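Following: one structure in structure tokens, then a few remarks.
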Amino acid sequence: MTQSTDQFTDAPIFDADQHMYETPDALLKFLPEKYKSKVQFVKIGRHTRIAILNKITDYMPNPTFERVAAPGAHEKFYSGQNPEGLSMREMSGRGIDCPPGARNPEDRIAELNGQGVDACLNYPTLANLVEHSSAEDPELTAAIIHALNQWMLEHWGFNHADRIYSTPVLTLGILDEARRELDYILENGAKVALIKPAPVKGYKGWRSPALPEFDPFWRDVEAAGLPIVLHASQPPLQEYIEMWEPADTSSAFEMSAFKWTALGHREIADMLTSLICHGTLSRFPNLRIASVENGSAWIKPLFDDLASTYGKMPQNFPEHPHDVFRRNCWVSPFWEGSVADVVETVGWDKVMFGSDWPHPEGLATPKGYFKYAEGMDVRRTYDFMGDNARRFMGLPIANPDPDAIKPPALANA
């Protein structure tokens, strides 16, 4: 992608993908005493690791986040500009002290001001490994998630100054617990919530959270008007992939070429397939679902598969699956990915910008996106850089007069 010389870059940015770096007490401070022996930070040599249910995970190699790779450290890797063949660890170098803006809301506001960003969605980082690691104990999973949400509320708030919208986590393994957690976050001002795109483990074993048995939860979400983000997390396919190539490390940042290719983004495609084919999004047509940090290369194959299935068994669908996706789903492609590819399938009003700050695979600063940007006119820059995320959140858009700026034809997006 190359930036147009006359690219409009002044649209107010709503960054749909920023993160916090939690402190270890995020999981432990509010965790009931009976569960604390099941969640431990352990020292192995010079390194601290997290162990859940007595199993150490390397998925997040530094779970204290005291030292981290610099924001954007892996930019050349993800933009395909790595002729030296450096690993991501080599690109990370010795790392830096954790950016203050990743630790607390006051410093994040200062960071946003420096970035030229109006507002952001703010996701936990450490939470990415919880549900995968604690899956065998659904009650423990629910307890950790509630403890994390309590910490997030105390430390960040769920809405700080109408600029930082932190995302409490909802886990559906135990339906009644999920509904209680939903009530808790709504009572405390949550404007958006995070759900792992994966099957859930409950008393009946593994299940899709889109099966009709979970309808009471989705009915509550729809009634509350709460938007739901499906953010990339520790993949549920990890054990399957390791049947092909035994594990040497499960770090998200050091994978072989095989694992990198094979893992892909199957989990988000499967999650949305379930939400559509199991009928959740037709039974609850006002749900707002966003895919964030899952890329976009999976969308066209999924649309092709859904069209093929619909052609064979239309009686299994109350409405065309493409219409369901376009009505209910927003997508934030990778910053190095193609916006136009998403537009061709989902439409211009459903594509959102995300920088992934402060992660090393993200951008050093959100406005750094413009050096990769495809040509977008003024209206589309407003839409992509912020207004579509505001639509997802149910907030007023920033474009002062969108109807006065005629968008290009879809085919020319």
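Residues are named by chain letter and number: chains run A, B, ... in the order of the structure tokens, numbers start at 1 in each chain, and ligands are numbered from 1 in the order shown.
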12 Å contact set for Asp401 (chain A), only C-alpha atoms, chain neighbours under 6 positions out, as a PyMOL selection string | chain A and resi 378-379+382-383+387
Output C-alpha atoms for every residue in the selection just made, as a PDB file, in the first residue's frame.
ATOM      1  CA  VAL A 378     -12.113  12.647   2.831  1.00  0.00           C
ATOM      2  CA  ARG A 379     -15.369  10.911   3.684  1.00  0.00           C
ATOM      3  CA  TYR A 382     -13.468   9.975   8.406  1.00  0.00           C
ATOM      4  CA  ASP A 383     -15.281   6.631   8.248  1.00  0.00           C
ATOM      5  CA  ASP A 387     -16.619   7.177  12.494  1.00  0.00           C
TER       6      ASP A 387
END
Please provide as a VMD selection string all residues within 12 Å of Trp244 (chain A), with the sequence filter that same-chain residues fewer than 6 positions apart are discarded (counting only C-alpha atoms).
-> chain A and resid 237 to 238 256 258 to 259 262 to 263
So how far away is CA of Leu28 (chain A) from CA of Ala147 (chain A), in Å?
-> 7.1 Å
Mind the document's chain letters and residue numbers, and return as a VMD selection string the residues of region 227-368 of chain A that DSSP labels alpha helix (DSSP H).
-> chain A and resid 238 to 244 257 to 263 266 to 277 280 to 283 299 to 312 321 to 328 339 to 345
Check the smallest atom-to-atom distance from each of A:Ala110, A:Met243, A:Val292, A:Ala51 to Ile195 (chain A) using only C-alpha atoms, then report the winner.
->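 Using only C-alpha atoms, Ile195 (chain A) sits closest to A:Val292.
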Any idea what's packed within 9 Å of Lys38 (chain A), counting only C-alpha atoms, ignoring anything in its chain fewer than 3 positions away? Could you give it as a list in words?
->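 Here the qualifying residues turn out to be Lys34, Tyr35, Ala51, Ile52, Leu53, Asn54, Ser134 and Leu140 of chain A.
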Residue selection dump (N, CA and C atoms) as a compact mmCIF listing (two decimals), in the first residue's frame:
# COMPACT_ATOMS: atom_id res chain seq x y z
N LYS A 34 -9.96 -19.26 47.71
CA LYS A 34 -9.98 -20.68 47.37
C LYS A 34 -9.41 -20.97 45.99
N TYR A 35 -9.27 -19.93 45.17
CA TYR A 35 -8.75 -20.13 43.82
C TYR A 35 -7.29 -19.69 43.67
N ALA A 51 1.49 -19.56 35.87
CA ALA A 51 1.03 -20.95 35.90
C ALA A 51 -0.43 -20.96 36.33
N ILE A 52 -1.26 -21.59 35.52
CA ILE A 52 -2.67 -21.75 35.85
C ILE A 52 -2.97 -23.24 35.88
N LEU A 53 -3.60 -23.68 36.96
CA LEU A 53 -3.86 -25.11 37.17
C LEU A 53 -2.55 -25.89 37.09
N ASN A 54 -1.50 -25.32 37.67
CA ASN A 54 -0.18 -25.95 37.78
C ASN A 54 0.50 -26.18 36.44
N SER A 134 -7.27 -22.01 31.69
CA SER A 134 -8.13 -22.46 32.80
C SER A 134 -9.34 -23.24 32.33
N LEU A 140 -13.32 -21.86 37.84
CA LEU A 140 -12.11 -21.06 37.98
C LEU A 140 -12.06 -19.99 36.90
9 Å contact set for Ser338 (chain A), only C-alpha atoms, chain neighbours under 5 positions out, as a ChimeraX atom specification | /A:1,296-297,333,373-374
Go through A:Phe41, A:Tyr78, A:Tyr184, A:Phe384 one by one, measure the shortest atom-to-atom distance of each to Asp58 (chain A) using only C-alpha atoms, and give the residue with the smallest value.
->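 Nearest candidate to Asp58 (chain A) out of A:Phe41, A:Tyr78, A:Tyr184, A:Phe384: A:Phe41.
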